[in-house]
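Structure file data-v2.cif; described as mmCIF, C-alpha atoms and all ligand atoms.
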data_run
loop_
_atom_site.label_atom_id
_atom_site.label_comp_id
_atom_site.auth_asym_id
_atom_site.auth_seq_id
_atom_site.Cartn_x
_atom_site.Cartn_y
_atom_site.Cartn_z
CA MET A 1431 0.15 20.05 92.86
CA SER A 1432 2.48 19.31 95.80
CA ASP A 1433 3.46 16.01 94.11
CA ASP A 1434 4.68 17.92 91.11
CA ILE A 1435 8.45 17.43 90.77
CA ARG A 1436 8.69 20.96 89.45
CA THR A 1437 7.19 22.48 92.59
CA LYS A 1438 9.65 20.49 94.70
CA LEU A 1439 12.52 21.80 92.59
CA GLY A 1440 11.27 25.37 92.77
CA LEU A 1441 10.52 25.44 89.03
CA ARG A 1442 7.45 26.97 87.48
CA PRO A 1443 4.83 24.35 86.52
CA VAL A 1444 4.48 25.45 82.91
CA ILE A 1445 1.70 24.38 80.60
CA ASN A 1446 3.06 23.92 77.10
CA VAL A 1447 0.86 25.07 74.21
CA SER A 1448 3.97 26.04 72.28
CA GLY A 1449 5.02 22.76 70.66
CA THR A 1450 7.95 20.42 71.16
CA MET A 1451 10.46 22.98 72.38
CA THR A 1452 13.90 22.11 73.71
CA SER A 1453 13.64 25.16 75.97
CA LEU A 1454 10.58 23.63 77.67
CA GLY A 1455 11.79 20.04 77.88
CA ALA A 1456 10.76 18.87 74.40
CA SER A 1457 7.82 16.49 74.84
CA ILE A 1458 6.00 14.16 77.20
CA VAL A 1459 8.09 11.00 77.12
CA VAL A 1460 5.91 7.94 76.50
CA PRO A 1461 5.62 5.39 79.34
CA GLU A 1462 7.19 2.65 77.19
CA ALA A 1463 10.38 4.72 76.82
CA ILE A 1464 10.49 5.60 80.50
CA ALA A 1465 10.18 1.91 81.45
CA ALA A 1466 12.84 0.91 78.92
CA MET A 1467 15.29 3.47 80.26
CA ALA A 1468 14.75 2.39 83.85
CA ALA A 1469 15.22 -1.27 82.88
CA ILE A 1470 18.54 -0.84 81.14
CA LEU A 1471 20.19 1.78 83.34
CA PRO A 1472 21.58 -0.67 85.95
CA GLN A 1473 23.00 -3.08 83.33
CA PHE A 1474 26.20 -3.18 81.30
CA VAL A 1475 25.77 -3.68 77.59
CA GLU A 1476 28.00 -3.64 74.56
CA ILE A 1477 26.96 -0.32 73.14
CA ASN A 1478 27.70 -1.08 69.49
CA ASP A 1479 25.56 -4.22 69.76
CA LEU A 1480 22.74 -2.18 71.29
CA GLN A 1481 23.11 0.24 68.39
CA ARG A 1482 22.86 -2.78 66.02
CA LYS A 1483 19.49 -3.59 67.61
CA ALA A 1484 18.48 0.05 67.25
CA SER A 1485 19.54 -0.09 63.60
CA ALA A 1486 17.11 -2.95 62.96
CA ILE A 1487 14.16 -1.07 64.48
CA ILE A 1488 15.09 2.19 62.78
CA SER A 1489 15.31 0.33 59.45
CA ARG A 1490 11.91 -1.23 59.96
CA LEU A 1491 10.23 2.09 60.73
CA THR A 1492 12.03 4.33 58.24
CA GLY A 1493 12.65 1.98 55.34
CA GLY A 1494 16.36 2.88 55.55
CA GLU A 1495 19.05 0.22 55.27
CA ALA A 1496 20.55 1.11 58.65
CA GLY A 1497 20.34 3.59 61.47
CA PHE A 1498 21.62 4.60 64.88
CA VAL A 1499 20.87 6.88 67.78
CA THR A 1500 22.84 10.02 68.61
CA ALA A 1501 22.41 12.96 70.95
CA SER A 1502 20.08 15.09 68.84
CA CYS A 1503 18.97 15.80 65.33
CA SER A 1504 21.46 18.64 65.34
CA SER A 1505 24.30 16.22 66.05
CA GLY A 1506 22.84 13.91 63.40
CA ILE A 1507 23.35 16.65 60.83
CA SER A 1508 26.98 17.09 61.91
CA LEU A 1509 27.66 13.34 61.84
CA ALA A 1510 26.02 12.88 58.44
CA VAL A 1511 27.96 15.79 56.96
CA ALA A 1512 31.17 14.44 58.50
CA ALA A 1513 30.45 11.05 56.92
CA THR A 1514 30.30 12.60 53.46
CA ILE A 1515 33.63 14.36 54.03
CA THR A 1516 35.71 11.61 55.65
CA GLY A 1517 34.12 8.41 54.44
CA PRO A 1518 35.45 5.52 56.59
CA ASP A 1519 38.95 7.08 56.92
CA LEU A 1520 39.56 6.80 60.67
CA LEU A 1521 42.43 9.27 60.67
CA ALA A 1522 40.39 11.86 58.77
CA ILE A 1523 37.62 11.26 61.34
CA GLU A 1524 40.02 12.09 64.19
CA LYS A 1525 41.21 15.24 62.46
CA LEU A 1526 37.81 16.86 62.04
CA PRO A 1527 36.80 19.65 62.00
CA GLU A 1528 40.07 20.12 60.11
CA THR A 1529 39.82 18.44 56.75
CA SER A 1530 42.58 17.14 54.53
CA THR A 1531 40.36 17.32 51.44
CA ASP A 1532 38.89 20.13 49.38
CA LYS A 1533 35.75 18.06 48.91
CA ASN A 1534 33.99 19.56 51.91
CA GLU A 1535 31.44 21.96 50.43
CA VAL A 1536 27.87 21.47 51.55
CA LEU A 1537 25.00 23.01 49.62
CA VAL A 1538 22.00 24.52 51.39
CA GLN A 1539 19.20 26.55 49.86
CA MET A 1540 19.30 30.07 51.29
CA GLY A 1541 15.62 29.76 52.24
CA HIS A 1542 16.60 26.79 54.42
CA MET A 1543 19.20 28.69 56.45
CA VAL A 1544 17.15 28.77 59.63
CA SER A 1545 17.71 28.59 63.34
CA TYR A 1546 16.12 25.77 65.34
CA GLY A 1547 17.63 27.23 68.50
CA ALA A 1548 21.07 27.29 66.88
CA PRO A 1549 21.90 28.02 63.24
CA VAL A 1550 21.60 25.02 60.91
CA ASP A 1551 24.81 26.04 59.14
CA GLN A 1552 26.76 25.69 62.38
CA SER A 1553 25.93 21.99 62.57
CA ILE A 1554 27.58 21.72 59.13
CA ARG A 1555 30.63 23.83 60.00
CA LEU A 1556 31.21 21.81 63.16
CA ALA A 1557 31.82 18.79 60.95
CA GLY A 1558 34.36 20.59 58.78
CA GLY A 1559 31.80 21.41 56.11
CA LYS A 1560 31.98 24.63 54.15
CA VAL A 1561 28.48 25.94 53.63
CA VAL A 1562 27.60 27.04 50.11
CA MET A 1563 24.29 28.87 49.92
CA VAL A 1564 22.17 28.19 46.88
CA GLY A 1565 19.67 30.66 45.42
CA GLN A 1566 18.10 33.57 47.27
CA ALA A 1567 15.91 33.70 50.35
CA THR A 1568 12.68 33.12 48.44
CA SER A 1569 13.90 31.58 45.20
CA THR A 1570 16.03 28.66 44.20
CA HIS A 1571 15.97 27.71 40.55
CA ARG A 1572 17.40 24.54 39.10
CA TYR A 1573 20.29 26.46 37.53
CA HIS A 1574 21.32 27.81 40.94
CA MET A 1575 21.81 24.33 42.28
CA GLU A 1576 23.19 22.78 39.09
CA ASN A 1577 25.92 25.42 38.94
CA ALA A 1578 26.68 25.23 42.64
CA ILE A 1579 27.77 21.58 42.35
CA THR A 1580 31.50 21.22 41.70
CA ASP A 1581 34.26 18.69 42.38
CA SER A 1582 34.42 20.16 45.89
CA THR A 1583 30.81 19.34 46.74
CA ALA A 1584 30.55 16.75 49.51
CA ALA A 1585 26.83 16.85 50.24
CA ALA A 1586 23.59 18.79 49.99
CA VAL A 1587 21.42 19.45 53.05
CA TYR A 1588 17.65 19.85 52.82
CA VAL A 1589 15.69 21.19 55.80
CA VAL A 1590 12.04 20.30 56.43
CA SER A 1591 10.54 22.77 58.88
CA HIS A 1592 7.82 25.35 59.41
CA HIS A 1593 10.74 27.79 59.78
CA VAL A 1594 11.93 27.50 56.17
CA VAL A 1595 10.64 29.66 53.33
CA ASP A 1596 7.71 27.68 52.01
CA TYR A 1597 7.52 28.91 48.43
CA GLY A 1598 9.83 29.47 45.48
CA LEU A 1599 12.38 26.85 46.53
CA LEU A 1600 13.28 23.44 45.11
CA ASN A 1601 11.22 20.65 46.60
CA LEU A 1602 12.96 17.55 47.87
CA LYS A 1603 12.37 15.48 44.75
CA GLU A 1604 13.95 18.12 42.50
CA PHE A 1605 16.75 18.70 44.99
CA VAL A 1606 17.53 14.97 45.02
CA GLU A 1607 17.30 14.67 41.24
CA ILE A 1608 19.83 17.48 40.68
CA ALA A 1609 22.19 16.29 43.43
CA HIS A 1610 22.12 12.65 42.38
CA ALA A 1611 22.73 13.52 38.72
CA LYS A 1612 26.17 14.65 39.89
CA GLY A 1613 26.68 11.96 42.53
CA VAL A 1614 26.09 14.25 45.52
CA PRO A 1615 24.44 12.63 48.57
CA VAL A 1616 21.40 14.34 50.07
CA ILE A 1617 21.01 14.78 53.84
CA VAL A 1618 17.52 15.65 55.10
CA ASP A 1619 16.86 17.36 58.41
CA ALA A 1620 13.37 16.10 59.28
CA ALA A 1621 13.71 16.73 63.01
CA SER A 1622 10.11 17.54 63.67
CA GLU A 1623 8.29 15.37 61.12
CA TYR A 1624 5.84 12.53 61.80
CA ASP A 1625 6.45 10.70 58.55
CA LEU A 1626 9.39 8.39 59.13
CA LYS A 1627 9.43 7.02 55.59
CA LEU A 1628 8.64 9.85 53.20
CA PHE A 1629 12.02 11.54 52.82
CA LEU A 1630 14.01 8.37 52.22
CA ALA A 1631 11.25 7.29 49.82
CA GLN A 1632 11.73 10.58 47.97
CA GLY A 1633 15.40 9.77 47.48
CA ALA A 1634 17.24 11.19 50.48
CA ASP A 1635 20.42 9.25 51.24
CA ILE A 1636 20.29 9.93 54.96
CA VAL A 1637 17.62 11.47 57.14
CA LEU A 1638 17.71 12.84 60.68
CA TYR A 1639 14.88 12.96 63.21
CA SER A 1640 14.67 14.12 66.80
CA GLY A 1641 13.83 11.33 69.22
CA HIS A 1642 12.31 13.78 71.67
CA LYS A 1643 9.78 15.53 69.47
CA PHE A 1644 6.67 13.75 68.17
CA LEU A 1645 8.07 10.33 69.01
CA GLY A 1646 8.06 11.12 72.72
CA GLY A 1647 11.43 9.49 73.29
CA PRO A 1648 14.32 10.70 75.42
CA THR A 1649 16.45 13.60 74.16
CA SER A 1650 18.18 12.07 71.16
CA GLY A 1651 18.59 12.04 67.41
CA ILE A 1652 17.82 9.29 64.93
CA VAL A 1653 20.01 8.75 61.89
CA ALA A 1654 18.64 6.54 59.08
CA GLY A 1655 19.43 5.80 55.47
CA LYS A 1656 21.89 4.08 53.14
CA LYS A 1657 24.01 1.59 55.00
CA GLU A 1658 27.45 2.82 53.94
CA LEU A 1659 26.67 6.44 54.69
CA VAL A 1660 25.05 5.59 58.02
CA ARG A 1661 28.10 3.48 58.92
CA ASN A 1662 30.44 6.35 58.06
CA ALA A 1663 28.31 8.63 60.23
CA PHE A 1664 28.41 6.06 63.05
CA LEU A 1665 32.22 5.93 62.84
CA GLN A 1666 32.27 9.62 63.74
CA ASN A 1667 31.60 8.48 67.31
CA MET A 1668 35.38 7.99 67.40
CA GLY A 1669 35.73 11.66 66.51
CA ILE A 1670 33.40 14.64 66.72
CA GLY A 1671 30.57 12.31 67.74
CA ARG A 1672 32.17 11.67 71.12
CA GLY A 1673 30.85 14.94 72.47
CA MET A 1674 27.43 14.06 71.08
CA LYS A 1675 27.22 10.61 72.61
CA VAL A 1676 24.12 9.00 74.00
CA GLY A 1677 24.06 6.42 76.74
CA LYS A 1678 22.40 3.02 76.77
CA GLU A 1679 19.26 4.55 78.27
CA SER A 1680 18.72 6.91 75.36
CA ILE A 1681 19.41 4.25 72.75
CA TYR A 1682 17.02 1.79 74.36
CA GLY A 1683 14.55 4.57 75.18
CA VAL A 1684 14.35 5.56 71.52
CA MET A 1685 13.92 1.92 70.49
CA ALA A 1686 10.94 1.68 72.83
CA ALA A 1687 9.52 5.01 71.64
CA LEU A 1688 9.75 3.84 68.02
CA GLU A 1689 7.93 0.61 68.80
CA ALA A 1690 5.30 2.54 70.75
CA TRP A 1691 4.92 4.88 67.77
CA GLU A 1692 3.98 1.91 65.60
CA LYS A 1693 1.16 1.03 67.98
CA ARG A 1694 0.08 4.52 68.96
CA ASP A 1695 -3.60 5.40 68.55
CA HIS A 1696 -2.89 8.30 66.20
CA ALA A 1697 -6.56 8.84 65.31
CA GLY A 1698 -7.58 8.87 68.97
CA ILE A 1699 -4.92 11.46 69.80
CA ARG A 1700 -6.03 13.62 66.90
CA GLU A 1701 -9.60 13.44 68.16
CA ARG A 1702 -8.55 14.47 71.66
CA GLU A 1703 -6.61 17.42 70.25
CA ALA A 1704 -9.63 18.43 68.15
CA GLY A 1705 -11.61 18.56 71.39
CA TYR A 1706 -9.08 20.96 72.93
CA LEU A 1707 -9.16 23.19 69.86
CA ASN A 1708 -12.97 23.29 69.91
CA LEU A 1709 -13.01 24.24 73.57
CA TRP A 1710 -10.61 27.14 72.92
CA LYS A 1711 -12.60 28.21 69.89
CA GLN A 1712 -15.76 28.41 72.01
CA THR A 1713 -13.86 30.34 74.67
CA LEU A 1714 -12.63 32.90 72.17
CA GLU A 1715 -15.84 33.27 70.14
CA ASN A 1716 -17.63 36.60 70.18
CA ARG A 1717 -14.82 38.42 71.90
CA PRO A 1718 -14.06 41.85 70.46
CA GLY A 1719 -10.74 41.96 68.63
CA VAL A 1720 -10.12 38.21 68.84
CA THR A 1721 -10.18 35.83 65.89
CA ALA A 1722 -9.54 32.13 66.41
CA LEU A 1723 -8.72 29.96 63.40
CA ILE A 1724 -7.94 26.25 63.33
CA GLU A 1725 -5.08 25.68 60.91
CA PRO A 1726 -3.24 22.60 59.65
CA ASP A 1727 0.47 22.13 60.34
CA PRO A 1728 2.53 23.87 57.63
CA THR A 1729 4.70 20.80 56.89
CA ASN A 1730 1.71 18.43 56.68
CA ASN A 1731 2.14 16.72 60.01
CA PRO A 1732 -1.24 15.34 61.13
CA LEU A 1733 -1.75 18.15 63.62
CA ASP A 1734 -3.92 21.28 63.77
CA ARG A 1735 -3.17 24.35 65.80
CA MET A 1736 -5.22 27.40 66.73
CA ARG A 1737 -4.14 30.75 65.41
CA VAL A 1738 -5.28 33.49 67.80
CA ILE A 1739 -5.30 36.88 66.06
CA ILE A 1740 -5.54 39.91 68.30
CA SER A 1741 -6.60 43.37 67.23
CA PRO A 1742 -5.20 45.58 70.02
CA GLU A 1743 -7.64 48.46 69.49
CA GLU A 1744 -10.62 46.24 70.22
CA ALA A 1745 -9.10 43.65 72.55
CA HIS A 1746 -7.23 46.41 74.48
CA ILE A 1747 -4.06 44.31 74.45
CA THR A 1748 -1.47 43.25 71.89
CA ALA A 1749 -0.82 39.63 71.03
CA TRP A 1750 2.63 39.81 72.65
CA ASP A 1751 1.33 41.39 75.85
CA LEU A 1752 -1.34 38.70 76.04
CA ALA A 1753 1.32 36.02 75.55
CA ALA A 1754 3.38 37.63 78.32
CA ALA A 1755 0.37 37.80 80.65
CA LEU A 1756 -0.31 34.10 80.10
CA ARG A 1757 3.32 33.35 81.00
CA GLN A 1758 2.82 34.97 84.42
CA GLY A 1759 1.06 33.53 87.41
CA PRO A 1760 1.06 30.23 89.28
CA GLN A 1761 0.37 28.14 86.17
CA PRO A 1762 2.34 29.75 83.37
CA ILE A 1763 1.02 29.06 79.88
CA ILE A 1764 3.61 29.20 77.13
CA VAL A 1765 2.11 29.90 73.69
CA ARG A 1766 3.73 29.50 70.28
CA ASP A 1767 4.72 33.08 69.55
CA HIS A 1768 7.52 33.10 66.97
CA GLU A 1769 5.42 35.25 64.59
CA VAL A 1770 3.84 37.43 67.27
CA GLU A 1771 4.87 40.71 65.61
CA HIS A 1772 2.12 39.94 63.10
CA HIS A 1773 -0.42 40.18 65.94
CA TYR A 1774 -1.07 36.48 66.37
CA PHE A 1775 0.19 33.49 68.24
CA TYR A 1776 -0.66 29.81 68.08
CA LEU A 1777 -1.96 27.33 70.60
CA ASP A 1778 -0.47 23.89 69.99
CA PRO A 1779 -2.52 21.07 71.53
CA CYS A 1780 0.01 18.25 71.17
CA ASN A 1781 1.87 18.49 74.48
CA LEU A 1782 -0.96 18.80 76.98
CA HIS A 1783 -1.83 16.52 79.81
CA PRO A 1784 -5.61 15.95 79.94
CA GLY A 1785 -7.26 18.69 81.98
CA GLN A 1786 -4.73 21.37 81.13
CA GLU A 1787 -6.87 22.46 78.17
CA THR A 1788 -9.43 23.91 80.57
CA VAL A 1789 -6.73 25.85 82.43
CA VAL A 1790 -5.65 27.31 79.08
CA ALA A 1791 -9.24 28.24 78.24
CA SER A 1792 -9.95 29.91 81.58
CA ARG A 1793 -6.65 31.83 81.61
CA LEU A 1794 -7.32 33.11 78.09
CA ALA A 1795 -10.77 34.27 79.14
CA GLU A 1796 -9.44 35.84 82.32
CA GLU A 1797 -6.68 37.84 80.61
CA LEU A 1798 -8.93 38.93 77.74
CA ASP A 1799 -11.68 40.04 80.17
CA LYS A 1800 -9.14 41.97 82.20
CA ALA A 1801 -7.71 43.73 79.15
CA ARG A 1802 -11.13 44.56 77.80
CA ALA A 1803 -12.07 46.11 81.14
CA SER A 1804 -9.00 48.32 81.17
CA ASN A 1805 -9.35 51.85 79.84
CA GLU A 1806 -5.94 51.85 78.24
CA ILE A 1807 -4.67 49.58 75.51
CA ILE A 1808 -1.91 47.36 76.88
CA ALA A 1809 0.71 47.78 74.19
CA THR A 1810 4.40 47.35 74.93
CA PRO A 1811 6.39 48.65 71.95
CA ILE A 1812 7.31 45.64 69.81
CA GLU A 1813 10.93 46.89 69.71
CA ASP A 1814 11.21 46.18 73.42
CA LEU A 1815 10.78 42.48 72.71
CA SER A 1816 13.85 42.24 70.51
CA ARG A 1817 15.83 44.61 72.71
CA HIS A 1818 15.29 42.46 75.78
CA ARG A 1819 15.06 39.01 74.20
CA PHE A 1820 18.36 37.71 75.57
CA ASP A 1821 18.45 39.60 78.89
CA GLY A 1822 17.57 36.50 80.89
CA ALA A 1823 20.07 34.25 79.13
CA LEU A 1824 22.84 36.81 79.51
CA ARG A 1825 22.14 37.03 83.25
CA TRP A 1826 22.16 33.25 83.71
CA PRO A 1827 22.64 31.67 86.27
CA ASP A 1828 21.42 34.73 88.16
C1 LIG B 1 14.17 20.77 66.42
C2 LIG B 1 14.86 20.88 65.11
C3 LIG B 1 16.21 20.62 65.01
C4 LIG B 1 17.05 20.32 66.19
O1 LIG B 1 16.72 19.09 66.69
P1 LIG B 1 17.43 18.58 68.03
O2 LIG B 1 17.12 17.13 68.03
O3 LIG B 1 16.78 19.31 69.14
O4 LIG B 1 18.87 18.88 67.88
C5 LIG B 1 16.80 20.65 63.78
N1 LIG B 1 16.10 20.96 62.68
C6 LIG B 1 14.77 21.23 62.74
C7 LIG B 1 14.04 21.51 61.47
C8 LIG B 1 14.11 21.19 63.96
O5 LIG B 1 12.81 21.44 64.02
#
What is this file in C-alpha cells?
Amino acid sequence: MSDDIRTKLGLRPVINVSGTMTSLGASIVVPEAIAAMAAILPQFVEINDLQRKASAIISRLTGGEAGFVTASCSSGISLAVAATITGPDLLAIEKLPETSTDKNEVLVQMGHMVSYGAPVDQSIRLAGGKVVMVGQATSTHRYHMENAITDSTAAAVYVVSHHVVDYGLLNLKEFVEIAHAKGVPVIVDAASEYDLKLFLAQGADIVLYSGHKFLGGPTSGIVAGKKELVRNAFLQNMGIGRGMKVGKESIYGVMAALEAWEKRDHAGIREREAGYLNLWKQTLENRPGVTALIEPDPTNNPLDRMRVIISPEEAHITAWDLAAALRQGPQPIIVRDHEVEHHYFYLDPCNLHPGQETVVASRLAEELDKARASNEIIATPIEDLSRHRFDGALRWPD
C-alpha cells in the first residue's frame, strides 16, 4: 500500500469497476507500451518517419491503407472531418476552423449525438464542420439520409458506442451504402471497440480508435483507413492538429500496444474476468432486493459485465446510494453507474488488478449488510444527483 504512487501523491487508490474511463485514467497500460515509451523518451527521432512506422503497424492490424497516431479518438474525429473539408490544401488547413468552402456539412444520425465526456458534435464543429442531424432520436430511415446529402455534404460520421440509441437507426452497412452512392466519405468513431478490422471491412473510409482503452496503450488516438484521406488528416498537424499533438513516446507506445494486442491471450483474459463475475454473483446471491445478472457488452465486444439491480424497499438502499457508499472509504470502488436512475449499476471486470475482485466482493457485502441492518431505507432523492453533479468540477481546484 505504501508503495502505491497514488498514496504518495495524496490521491485516493481507486478500484475501477467502471470501464475504461478518461476520468479514472483510462486503462492499465500494458508493460510492452511502458517499456517502449521509456526506451524512446531520451532519443531524438524524425517524427514523420516514426509516424510512417506507425502507419505500417496500424495498416497491418486494421486492414487500412495507412494510419497515424494522434492525441485521442476525439481529436481523430476532428482531424478526419477536417481532411474531408480541406483535402490537401495547406492554406485551407491553416485557416480552419474557418472554411472557404460551403462543402462543410457533416451528417450524423440524431441517435448518435452522444457525449463521451464531451459532445461528439463539438469534435466536428472544431474542424469547421457544420453538423446536420439525420432522422430522429430513435429512428433514421433511408429517406432521411438520402435527402440530407447535398452538394454541401463533406462527410458522414457514424458512432459505435453503448451510448448510442441501439434500435431504429441505420446500421453501418446501410449508412455506407447511402453515403457512397453520392460520393460522401464515411468516418467511424470506434473509440471503444475491440475489433480493429470490422468497420473498415464494412466500408468505412476512415476509422478512429482510442489507444488508451482496450488496447492498453498511452493516451492517444489511432486513425486508419484510405491512404489519401488519412494523409489529408495527417496534414492537419500543420493546423488544428497542432493542439492535439502526440509525442514520440505516445506514437511508439501505441505501436507497442498494437503489437502486444496481436499476441495477447484474449481467451485467458476472458476466463479470468469470468472468474471475477462468478465471485461477485456468489457474493450477491440470496440477498434481499439484489439481482445480479451477467450480460454481454452491448456493442459485441468480447466482454461481459455484471448488472446489479437494487430494489430499495428490500435492500434498504438505492442503487445510487450504494454506488456512493462504495466510492467512500480507504479503497474507493467506482462502479459503472450511467443508468443508475433505473435502479441498477454495472460492475466491469476489465480494468482490475488480480486480487481487487475480492475487495469489490467484500465491500459489496459489507455495504449491503449495513443497509439491510438499518431501519430506514437509505434513499437520497434522485434529483439531488443531477443537481449536484458538477459541484466538484465547478469548485476545482479547490
Ligand atoms: C471514449 C470515446 C470517445 C473519446 O475517445 P478519446 O480517445 O478519449 O478522445 C469517442 N467516442 C466514443 C464512442 C468513445 O467511447
Box for range 1466-1472 of chain A: with edges along x, y and z, all listed atoms inside and 5 Å added on each side, what are the centre and edge lengths in Å to one decimal, as JSON?
{"center_x": 17.2, "center_y": 1.1, "center_z": 82.4, "size_x": 18.7, "size_y": 14.7, "size_z": 17.0}
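The neighbours of Leu1599 in chain A here are the residues that come within 10 Å of it, using all atoms listed in the file and leaving out any residue fewer than 2 positions away in the same chain; they are Gln1539, Met1540, Gly1541, His1542, Val1564, Gly1565, Gln1566, Ala1567, Thr1568, Ser1569, Thr1570, His1571, Arg1572, Val1594, Val1595, Asp1596, Tyr1597, Asn1601, Leu1602, Glu1604 and Phe1605 of chain A.
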Kindly indicate which residue among A:Lys1800, A:Lys1643, A:Arg1672, A:His1696 lies nearest to ligand LIG 1 (chain B), using all atoms listed in the file for the distances.
A:Lys1643
Could you list, as a PyMOL selection string, all residues that come within 9 Å of ligand LIG 1 (chain B)? Count all atoms listed in the file.
chain A and resi 1450-1452+1456+1501-1507+1544-1550+1589-1594+1619-1623+1638-1643+1649-1652
Could you check the closest approach to Ala1466 in chain A for each of A:Gln1712, A:Ser1680, A:Ser1816, A:Asn1781 and tell me which residue wins, using all atoms listed in the file?
A:Ser1680
Expressed in Å to a single decimal, how great is the separation between CA of Met1467 in chain A and CA of Leu1782 in chain A?
22.6 Å
Contacts of Leu1628 in chain A within 12 Å, all atoms listed in the file, excl. fewer than 3 positions in-chain, as a PyMOL selection string:
chain A and resi 1491-1494+1590+1602-1603+1618+1620+1623-1625+1631-1637+1655+1730-1731
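Interatomic distance, CA of Tyr1776 in chain A to CA of Met1736 in chain A: 5.3 Å.
Of the residues listed (A:Asp1532, A:Glu1692, A:Glu1771, A:Asp1778), A:Glu1771 shows the shortest atom-to-atom separation from Glu1813 in chain A; distances use all atoms listed in the file.
CA of Phe1775 in chain A lies 21.8 Å from CA of Glu1806 in chain A.
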For each of A:Arg1555, A:Lys1656, A:Lys1560, A:Lys1438, take the minimum atom-to-atom distance to Phe1498 in chain A, counting only C-alpha atoms, then give the residue where this is smallest.
A:Lys1656
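The smallest atom-to-atom distance between Asp1751 in chain A and any of A:Arg1702, A:Phe1644, A:Ile1812, A:Glu1715, using only C-alpha atoms, is found for A:Ile1812.
The residue that comes closest to Thr1437 in chain A, out of A:Pro1461, A:Pro1760, A:Ala1801, A:Gly1517 and on the basis of all atoms listed in the file, is A:Pro1760.
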Can you tell me which residues surround Arg1482 in chain A at a distance of at most 12 Å, considering all atoms listed in the file, apart from same-chain residues fewer than 5 positions away, and format the answer as a VMD selection string?
chain A and resid 1475 to 1477 1487 to 1489 1495 to 1499 1657 1660 to 1661 1664 1681 to 1682 1685
With C-alpha atoms retained, export the selected residues as a PDB file, in the coordinates of the input.
ATOM      1  CA  VAL A1475      25.770  -3.680  77.590  1.00  0.00           C
ATOM      2  CA  GLU A1476      28.000  -3.640  74.560  1.00  0.00           C
ATOM      3  CA  ILE A1477      26.960  -0.320  73.140  1.00  0.00           C
ATOM      4  CA  ILE A1487      14.160  -1.070  64.480  1.00  0.00           C
ATOM      5  CA  ILE A1488      15.090   2.190  62.780  1.00  0.00           C
ATOM      6  CA  SER A1489      15.310   0.330  59.450  1.00  0.00           C
ATOM      7  CA  GLU A1495      19.050   0.220  55.270  1.00  0.00           C
ATOM      8  CA  ALA A1496      20.550   1.110  58.650  1.00  0.00           C
ATOM      9  CA  GLY A1497      20.340   3.590  61.470  1.00  0.00           C
ATOM     10  CA  PHE A1498      21.620   4.600  64.880  1.00  0.00           C
ATOM     11  CA  VAL A1499      20.870   6.880  67.780  1.00  0.00           C
ATOM     12  CA  LYS A1657      24.010   1.590  55.000  1.00  0.00           C
ATOM     13  CA  VAL A1660      25.050   5.590  58.020  1.00  0.00           C
ATOM     14  CA  ARG A1661      28.100   3.480  58.920  1.00  0.00           C
ATOM     15  CA  PHE A1664      28.410   6.060  63.050  1.00  0.00           C
ATOM     16  CA  ILE A1681      19.410   4.250  72.750  1.00  0.00           C
ATOM     17  CA  TYR A1682      17.020   1.790  74.360  1.00  0.00           C
ATOM     18  CA  MET A1685      13.920   1.920  70.490  1.00  0.00           C
TER      19      MET A1685
END
Which residues come within 12 Å of Glu1462 in chain A, counting only C-alpha atoms, excluding same-chain residues fewer than 3 positions away, as a ChimeraX atom specification?
/A:1458-1459,1465-1469,1645-1648,1682-1691,1693-1694
Convert the current residue selection to file output with C-alpha atoms, as a compact mmCIF listing (two decimals), in the frame of the given file.
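Saved the output as again34.txt:
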# COMPACT_ATOMS: atom_id res chain seq x y z
CA ILE A 1458 6.00 14.16 77.20
CA VAL A 1459 8.09 11.00 77.12
CA ALA A 1465 10.18 1.91 81.45
CA ALA A 1466 12.84 0.91 78.92
CA MET A 1467 15.29 3.47 80.26
CA ALA A 1468 14.75 2.39 83.85
CA ALA A 1469 15.22 -1.27 82.88
CA LEU A 1645 8.07 10.33 69.01
CA GLY A 1646 8.06 11.12 72.72
CA GLY A 1647 11.43 9.49 73.29
CA PRO A 1648 14.32 10.70 75.42
CA TYR A 1682 17.02 1.79 74.36
CA GLY A 1683 14.55 4.57 75.18
CA VAL A 1684 14.35 5.56 71.52
CA MET A 1685 13.92 1.92 70.49
CA ALA A 1686 10.94 1.68 72.83
CA ALA A 1687 9.52 5.01 71.64
CA LEU A 1688 9.75 3.84 68.02
CA GLU A 1689 7.93 0.61 68.80
CA ALA A 1690 5.30 2.54 70.75
CA TRP A 1691 4.92 4.88 67.77
CA LYS A 1693 1.16 1.03 67.98
CA ARG A 1694 0.08 4.52 68.96
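Taking only C-alpha atoms into account, the polymer residues that have an atom no farther than 8 Å from (2.4, 36.8, 78.0) are Trp1750, Asp1751, Leu1752, Ala1753, Ala1754, Ala1755, Leu1756, Arg1757, Gln1758 and Ile1764 of chain A.
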